[in-house]
Amino acid sequence: MASHTAELAGRVAVITGAGRGLGRAIATALAKAGATVVLTGRHAAPLEAAAEAIRADGGQAGALACDVTCEEAVRALAETVRGWHGRTDILINNAGINVRKPVTEFTLAEWRSVLDTNLTGAFLMCREFVPLMRGRGYGRILNLTSIMSHVALPGRTAYAASKAGLLGLTRALALELAAEGITVNGISPGPIATEMNRPILENPELSAQFTARLPVGRWGTEAEVARLALYLCSPEAGFITGTDIVADGGWTAQ
Ligand SMILES: NC(=O)c1ccc[n+]([C@@H]2O[C@H](COP(=O)([O-])OP(=O)(O)OC[C@H]3O[C@@H](n4cnc5c(N)ncnc54)[C@H](OP(=O)(O)O)[C@@H]3O)[C@@H](O)[C@H]2O)c1
């Protein structure tokens, strides 16, 4: 992970799904760069633990539980952040879930849970946080898209639909906000060994199949994604908007 810098000193960042995995790694990287980070997700305990680890390392972090699928909860989150900091400079829409099964076996509730979390949750966060971002000529929104925004696998109908939708949201919102200095981009990681991929990692044959599909011959790391996120949030990345950066070890080049 990056060493401490002051690149984002004075910036306030809100990260969804920040209690573990990529969200926690990104929150940690932004805090090391001087941002004050607000970690959110459904369960308070992992958020508190992640925030405490950041504070123990000299960073500034707070934790607020929020389910991004709940309109009222997202509104309340934005109000609390407004009360705490008066603004938000960086929003990382990272919260996500996956349900892997053939389309004929999906319940409507399962389909909706994936779309509500991965796509509608990001919409709600953008709607409530863009007003906290406006008026200072700088803002960064990063959406955790996926290689499934670009290509697909069987058994991923809901996930691929949600992530392709998130890429569309990314482009359209970038155009709405470009003139205000607020950039909106996606990061599409290839396979990273997080909780989300536990079903694959626990199946040695399946896990080896994934590795074999990766031209670099290995899975990616949380730190590799966090480093990219940090760059896209930096002042230097102000000319990058409405696009999606794929970090997938060559998966989609084939
Ligand atoms: N890992 C990969 O290979 C990979 C590849 C491409 C894209 N991505 C994307 O990257 C993002 C992070 O993935 P990850 O691998 O770090 O997954 P993860 O370890 O499963 O973490 C997902 C996070 O999202 C939170 N979350 C889930 N539902 C939520 C909700 N309704 N409201 C608020 N928070 C919610 C979870 O916390 P709670 O359960 O406490 O809410 C958890 O902290 C996801 O959007 C994922 O689709 C991951």
# chains A, B, ... in the order shown; residues from 1 in each chain; ligands from 1
>>> residues_near_ligand(ligand="ligand 1", cutoff="8 Å", atoms="only C-alpha atoms and all ligand atoms", output="JSON, numbers by chain")
{"A": [16, 17, 18, 19, 20, 21, 22, 23, 24, 40, 41, 42, 43, 44, 46, 47, 65, 66, 67, 68, 69, 70, 93, 94, 95, 96, 97, 98, 116, 117, 118, 121, 143, 144, 145, 146, 147, 148, 159, 163, 187, 188, 189, 190, 191, 192, 193, 194, 195, 196, 197, 220, 222]}
>>> write_last_selection(atoms="N, CA and C atoms", output="compact mmCIF listing (two decimals), in the first residue's frame")
# COMPACT_ATOMS: atom_id res chain seq x y z
N THR A 16 -18.69 3.49 -0.02
CA THR A 16 -19.69 2.47 0.34
C THR A 16 -19.05 1.08 0.31
N GLY A 17 -19.56 0.20 1.15
CA GLY A 17 -19.00 -1.16 1.21
C GLY A 17 -17.56 -1.13 1.71
N ALA A 18 -17.30 -0.27 2.70
CA ALA A 18 -15.91 0.00 3.11
C ALA A 18 -15.42 -0.86 4.26
N GLY A 19 -16.23 -1.79 4.74
CA GLY A 19 -15.82 -2.60 5.89
C GLY A 19 -14.86 -3.71 5.55
N ARG A 20 -14.75 -4.04 4.27
CA ARG A 20 -13.82 -5.12 3.89
C ARG A 20 -13.50 -4.98 2.39
N GLY A 21 -12.64 -5.86 1.92
CA GLY A 21 -12.38 -5.99 0.49
C GLY A 21 -11.88 -4.71 -0.18
N LEU A 22 -12.34 -4.50 -1.40
CA LEU A 22 -11.86 -3.36 -2.18
C LEU A 22 -12.23 -2.03 -1.54
N GLY A 23 -13.42 -1.94 -0.96
CA GLY A 23 -13.85 -0.68 -0.33
C GLY A 23 -12.93 -0.29 0.82
N ARG A 24 -12.58 -1.26 1.64
CA ARG A 24 -11.69 -0.97 2.77
C ARG A 24 -10.30 -0.57 2.25
N THR A 40 -18.91 3.47 4.93
CA THR A 40 -20.28 3.05 5.11
C THR A 40 -20.52 1.67 4.51
N GLY A 41 -21.58 1.02 5.01
CA GLY A 41 -21.94 -0.34 4.63
C GLY A 41 -23.08 -0.75 5.55
N ARG A 42 -23.62 -1.94 5.38
CA ARG A 42 -24.79 -2.31 6.20
C ARG A 42 -24.42 -2.64 7.65
N HIS A 43 -23.26 -3.26 7.85
CA HIS A 43 -22.92 -3.76 9.19
C HIS A 43 -21.91 -2.85 9.87
N ALA A 44 -22.28 -2.40 11.09
CA ALA A 44 -21.46 -1.40 11.78
C ALA A 44 -20.10 -1.95 12.21
N PRO A 46 -17.71 -4.21 11.14
CA PRO A 46 -16.52 -4.13 10.27
C PRO A 46 -16.15 -2.70 9.87
N LEU A 47 -17.16 -1.82 9.81
CA LEU A 47 -16.86 -0.41 9.48
C LEU A 47 -16.07 0.24 10.61
N ALA A 65 -23.27 3.27 9.48
CA ALA A 65 -23.96 2.17 8.80
C ALA A 65 -25.05 2.72 7.89
N CYS A 66 -25.16 2.14 6.69
CA CYS A 66 -26.20 2.55 5.74
C CYS A 66 -26.36 1.46 4.69
N ASP A 67 -27.60 1.12 4.40
CA ASP A 67 -27.90 0.19 3.31
C ASP A 67 -28.19 1.03 2.07
N VAL A 68 -27.35 0.90 1.04
CA VAL A 68 -27.50 1.79 -0.13
C VAL A 68 -28.77 1.51 -0.92
N THR A 69 -29.45 0.42 -0.63
CA THR A 69 -30.70 0.14 -1.35
C THR A 69 -31.89 0.87 -0.72
N CYS A 70 -31.67 1.51 0.41
CA CYS A 70 -32.76 2.15 1.15
C CYS A 70 -32.70 3.67 0.96
N ASN A 93 -18.59 4.61 -5.10
CA ASN A 93 -19.70 3.66 -5.10
C ASN A 93 -19.13 2.26 -5.31
N ASN A 94 -18.84 1.62 -4.17
CA ASN A 94 -18.16 0.32 -4.20
C ASN A 94 -19.06 -0.82 -3.72
N ALA A 95 -20.11 -0.52 -2.96
CA ALA A 95 -20.97 -1.59 -2.42
C ALA A 95 -21.48 -2.45 -3.57
N GLY A 96 -21.40 -3.76 -3.39
CA GLY A 96 -21.86 -4.64 -4.46
C GLY A 96 -22.08 -6.04 -3.96
N ILE A 97 -22.98 -6.75 -4.65
CA ILE A 97 -23.20 -8.17 -4.36
C ILE A 97 -23.30 -8.93 -5.67
N ASN A 98 -23.18 -10.24 -5.57
CA ASN A 98 -23.29 -11.10 -6.75
C ASN A 98 -24.16 -12.30 -6.41
N ASP A 116 -30.69 -3.62 -7.23
CA ASP A 116 -30.88 -2.56 -6.23
C ASP A 116 -29.55 -2.16 -5.59
N THR A 117 -28.71 -3.14 -5.30
CA THR A 117 -27.44 -2.83 -4.62
C THR A 117 -26.44 -2.21 -5.60
N ASN A 118 -26.22 -2.90 -6.73
CA ASN A 118 -25.12 -2.52 -7.62
C ASN A 118 -25.43 -1.30 -8.49
N GLY A 121 -28.42 1.53 -5.93
CA GLY A 121 -27.70 2.07 -4.77
C GLY A 121 -26.74 3.18 -5.21
N ASN A 143 -17.12 4.67 -9.65
CA ASN A 143 -18.04 3.54 -9.55
C ASN A 143 -17.27 2.25 -9.79
N LEU A 144 -17.43 1.29 -8.88
CA LEU A 144 -16.78 0.00 -9.08
C LEU A 144 -17.63 -0.81 -10.04
N THR A 145 -17.24 -0.72 -11.30
CA THR A 145 -17.88 -1.49 -12.35
C THR A 145 -17.23 -2.88 -12.33
N SER A 146 -17.00 -3.48 -13.46
CA SER A 146 -16.44 -4.85 -13.46
C SER A 146 -16.10 -5.22 -14.88
N ILE A 147 -15.28 -6.26 -15.03
CA ILE A 147 -15.12 -6.80 -16.38
C ILE A 147 -16.48 -7.27 -16.90
N MET A 148 -17.42 -7.56 -15.98
CA MET A 148 -18.77 -7.95 -16.41
C MET A 148 -19.59 -6.75 -16.91
N TYR A 159 -25.78 -9.78 -12.36
CA TYR A 159 -24.55 -9.03 -12.06
C TYR A 159 -24.08 -8.27 -13.31
N LYS A 163 -23.87 -4.24 -13.74
CA LYS A 163 -22.57 -3.56 -13.95
C LYS A 163 -22.52 -2.85 -15.31
N ILE A 187 -14.08 1.94 -12.46
CA ILE A 187 -12.92 1.04 -12.43
C ILE A 187 -13.48 -0.36 -12.58
N SER A 188 -13.02 -1.07 -13.59
CA SER A 188 -13.46 -2.44 -13.85
C SER A 188 -12.35 -3.42 -13.48
N PRO A 189 -12.41 -3.96 -12.26
CA PRO A 189 -11.38 -4.95 -11.91
C PRO A 189 -11.70 -6.31 -12.51
N GLY A 190 -10.65 -7.05 -12.79
CA GLY A 190 -10.78 -8.48 -13.03
C GLY A 190 -10.84 -9.17 -11.68
N PRO A 191 -10.68 -10.49 -11.63
CA PRO A 191 -10.83 -11.22 -10.38
C PRO A 191 -9.81 -10.79 -9.30
N ILE A 192 -10.35 -10.46 -8.12
CA ILE A 192 -9.55 -10.09 -6.95
C ILE A 192 -10.02 -11.01 -5.81
N ALA A 193 -9.08 -11.49 -5.01
CA ALA A 193 -9.42 -12.47 -3.98
C ALA A 193 -10.07 -11.82 -2.76
N THR A 194 -11.37 -11.51 -2.87
CA THR A 194 -12.12 -10.93 -1.75
C THR A 194 -13.24 -11.90 -1.36
N GLU A 195 -13.97 -11.50 -0.32
CA GLU A 195 -15.11 -12.28 0.17
C GLU A 195 -16.11 -12.59 -0.97
N MET A 196 -16.30 -11.62 -1.85
CA MET A 196 -17.26 -11.81 -2.94
C MET A 196 -16.91 -13.04 -3.79
N ASN A 197 -15.64 -13.32 -3.91
CA ASN A 197 -15.21 -14.45 -4.75
C ASN A 197 -14.93 -15.71 -3.95
N GLY A 220 -5.71 -10.37 -9.41
CA GLY A 220 -5.26 -9.04 -9.02
C GLY A 220 -5.30 -8.88 -7.51
N GLU A 222 -6.03 -6.21 -4.02
CA GLU A 222 -6.79 -5.04 -3.58
C GLU A 222 -5.93 -3.77 -3.72
>>> select_by_dssp(residues="range 60-201 of chain A", states="alpha helix (DSSP H)", output="PDB file with C-alpha atoms, in the first residue's frame")
ATOM      1  CA  GLU A  71     -33.667   5.643  -0.081  1.00  0.00           C
ATOM      2  CA  GLU A  72     -34.336   7.002   3.401  1.00  0.00           C
ATOM      3  CA  ALA A  73     -31.087   5.577   4.777  1.00  0.00           C
ATOM      4  CA  VAL A  74     -29.046   7.142   1.956  1.00  0.00           C
ATOM      5  CA  ARG A  75     -30.773  10.495   2.549  1.00  0.00           C
ATOM      6  CA  ALA A  76     -30.001  10.263   6.256  1.00  0.00           C
ATOM      7  CA  LEU A  77     -26.378   9.338   5.500  1.00  0.00           C
ATOM      8  CA  ALA A  78     -25.947  12.433   3.318  1.00  0.00           C
ATOM      9  CA  GLU A  79     -27.502  14.623   6.019  1.00  0.00           C
ATOM     10  CA  THR A  80     -25.159  13.204   8.665  1.00  0.00           C
ATOM     11  CA  VAL A  81     -22.105  13.735   6.440  1.00  0.00           C
ATOM     12  CA  ARG A  82     -23.305  17.290   5.773  1.00  0.00           C
ATOM     13  CA  GLY A  83     -23.528  17.816   9.537  1.00  0.00           C
ATOM     14  CA  TRP A  84     -20.086  16.315  10.166  1.00  0.00           C
ATOM     15  CA  HIS A  85     -18.104  17.886   7.330  1.00  0.00           C
ATOM     16  CA  LEU A 108     -37.361 -11.911  -8.689  1.00  0.00           C
ATOM     17  CA  ALA A 109     -36.179 -10.995  -5.185  1.00  0.00           C
ATOM     18  CA  GLU A 110     -32.646 -12.197  -5.988  1.00  0.00           C
ATOM     19  CA  TRP A 111     -32.624 -10.310  -9.296  1.00  0.00           C
ATOM     20  CA  ARG A 112     -33.832  -7.151  -7.596  1.00  0.00           C
ATOM     21  CA  SER A 113     -31.311  -7.449  -4.745  1.00  0.00           C
ATOM     22  CA  VAL A 114     -28.430  -7.392  -7.251  1.00  0.00           C
ATOM     23  CA  LEU A 115     -29.847  -4.534  -9.330  1.00  0.00           C
ATOM     24  CA  GLY A 121     -27.695   2.066  -4.774  1.00  0.00           C
ATOM     25  CA  ALA A 122     -25.120   3.984  -6.815  1.00  0.00           C
ATOM     26  CA  PHE A 123     -27.884   6.159  -8.305  1.00  0.00           C
ATOM     27  CA  LEU A 124     -29.239   7.010  -4.837  1.00  0.00           C
ATOM     28  CA  MET A 125     -25.763   7.820  -3.524  1.00  0.00           C
ATOM     29  CA  CYS A 126     -25.050  10.080  -6.516  1.00  0.00           C
ATOM     30  CA  ARG A 127     -28.404  11.836  -6.200  1.00  0.00           C
ATOM     31  CA  GLU A 128     -27.898  12.588  -2.507  1.00  0.00           C
ATOM     32  CA  PHE A 129     -24.153  13.362  -2.565  1.00  0.00           C
ATOM     33  CA  VAL A 130     -23.758  15.427  -5.748  1.00  0.00           C
ATOM     34  CA  PRO A 131     -25.368  18.432  -3.968  1.00  0.00           C
ATOM     35  CA  LEU A 132     -22.673  18.134  -1.261  1.00  0.00           C
ATOM     36  CA  MET A 133     -19.984  18.138  -3.949  1.00  0.00           C
ATOM     37  CA  THR A 157     -27.218 -12.265 -15.827  1.00  0.00           C
ATOM     38  CA  ALA A 158     -28.129 -10.013 -12.903  1.00  0.00           C
ATOM     39  CA  TYR A 159     -24.550  -9.034 -12.061  1.00  0.00           C
ATOM     40  CA  ALA A 160     -23.589  -8.316 -15.686  1.00  0.00           C
ATOM     41  CA  ALA A 161     -26.813  -6.338 -16.240  1.00  0.00           C
ATOM     42  CA  SER A 162     -26.201  -4.294 -13.086  1.00  0.00           C
ATOM     43  CA  LYS A 163     -22.574  -3.563 -13.952  1.00  0.00           C
ATOM     44  CA  ALA A 164     -23.323  -2.674 -17.588  1.00  0.00           C
ATOM     45  CA  GLY A 165     -26.012  -0.339 -16.228  1.00  0.00           C
ATOM     46  CA  LEU A 166     -23.525   1.189 -13.820  1.00  0.00           C
ATOM     47  CA  LEU A 167     -21.209   1.942 -16.728  1.00  0.00           C
ATOM     48  CA  GLY A 168     -24.086   3.710 -18.519  1.00  0.00           C
ATOM     49  CA  LEU A 169     -24.838   5.732 -15.378  1.00  0.00           C
ATOM     50  CA  THR A 170     -21.129   6.618 -15.183  1.00  0.00           C
ATOM     51  CA  ARG A 171     -21.033   8.028 -18.713  1.00  0.00           C
ATOM     52  CA  ALA A 172     -24.296   9.984 -18.492  1.00  0.00           C
ATOM     53  CA  LEU A 173     -23.522  11.487 -15.084  1.00  0.00           C
ATOM     54  CA  ALA A 174     -20.017  12.451 -16.252  1.00  0.00           C
ATOM     55  CA  LEU A 175     -21.617  14.575 -18.950  1.00  0.00           C
ATOM     56  CA  GLU A 176     -24.014  16.182 -16.469  1.00  0.00           C
ATOM     57  CA  LEU A 177     -21.198  17.190 -14.115  1.00  0.00           C
ATOM     58  CA  ARG A 198     -15.145 -16.932  -1.875  1.00  0.00           C
ATOM     59  CA  PRO A 199     -17.321 -19.460  -3.810  1.00  0.00           C
ATOM     60  CA  ILE A 200     -14.702 -19.480  -6.587  1.00  0.00           C
ATOM     61  CA  LEU A 201     -11.669 -19.438  -4.280  1.00  0.00           C
TER      62      LEU A 201
END
>>> select_by_dssp(residues="range 40-102 of chain A", states="strand (DSSP E or B)", output="list in words")
Thr40, Gly41, Gln60, Ala61, Gly62, Ala63, Leu64, Ala65, Ile90, Leu91, Ile92 and Asn93 of chain A
>>> closest_residue(among="A:Asp57, A:Ile92, A:Ser207, A:Gly86", to="Leu39 in chain A", atoms="only C-alpha atoms")
A:Ile92
>>> residues_around(residues="Pro235 in chain A", least_positions_apart="3", cutoff="9 Å", atoms="only C-alpha atoms", output="list in words")
Glu7, Leu8, Tyr138, Tyr231, Leu232 and Gly238 of chain A
>>> atom_distance(atom1="CA of Ser234 in chain A", atom2="CA of Val216 in chain A")
27.5 Å
>>> atom_distance(atom1="CA of Glu224 in chain A", atom2="CA of Leu30 in chain A")
13.4 Å
>>> residues_around(residues="range 225-229 of chain A", least_positions_apart="6", cutoff="7 Å", atoms="only C-alpha atoms", output="PyMOL selection string")
chain A and resi 25-26+29
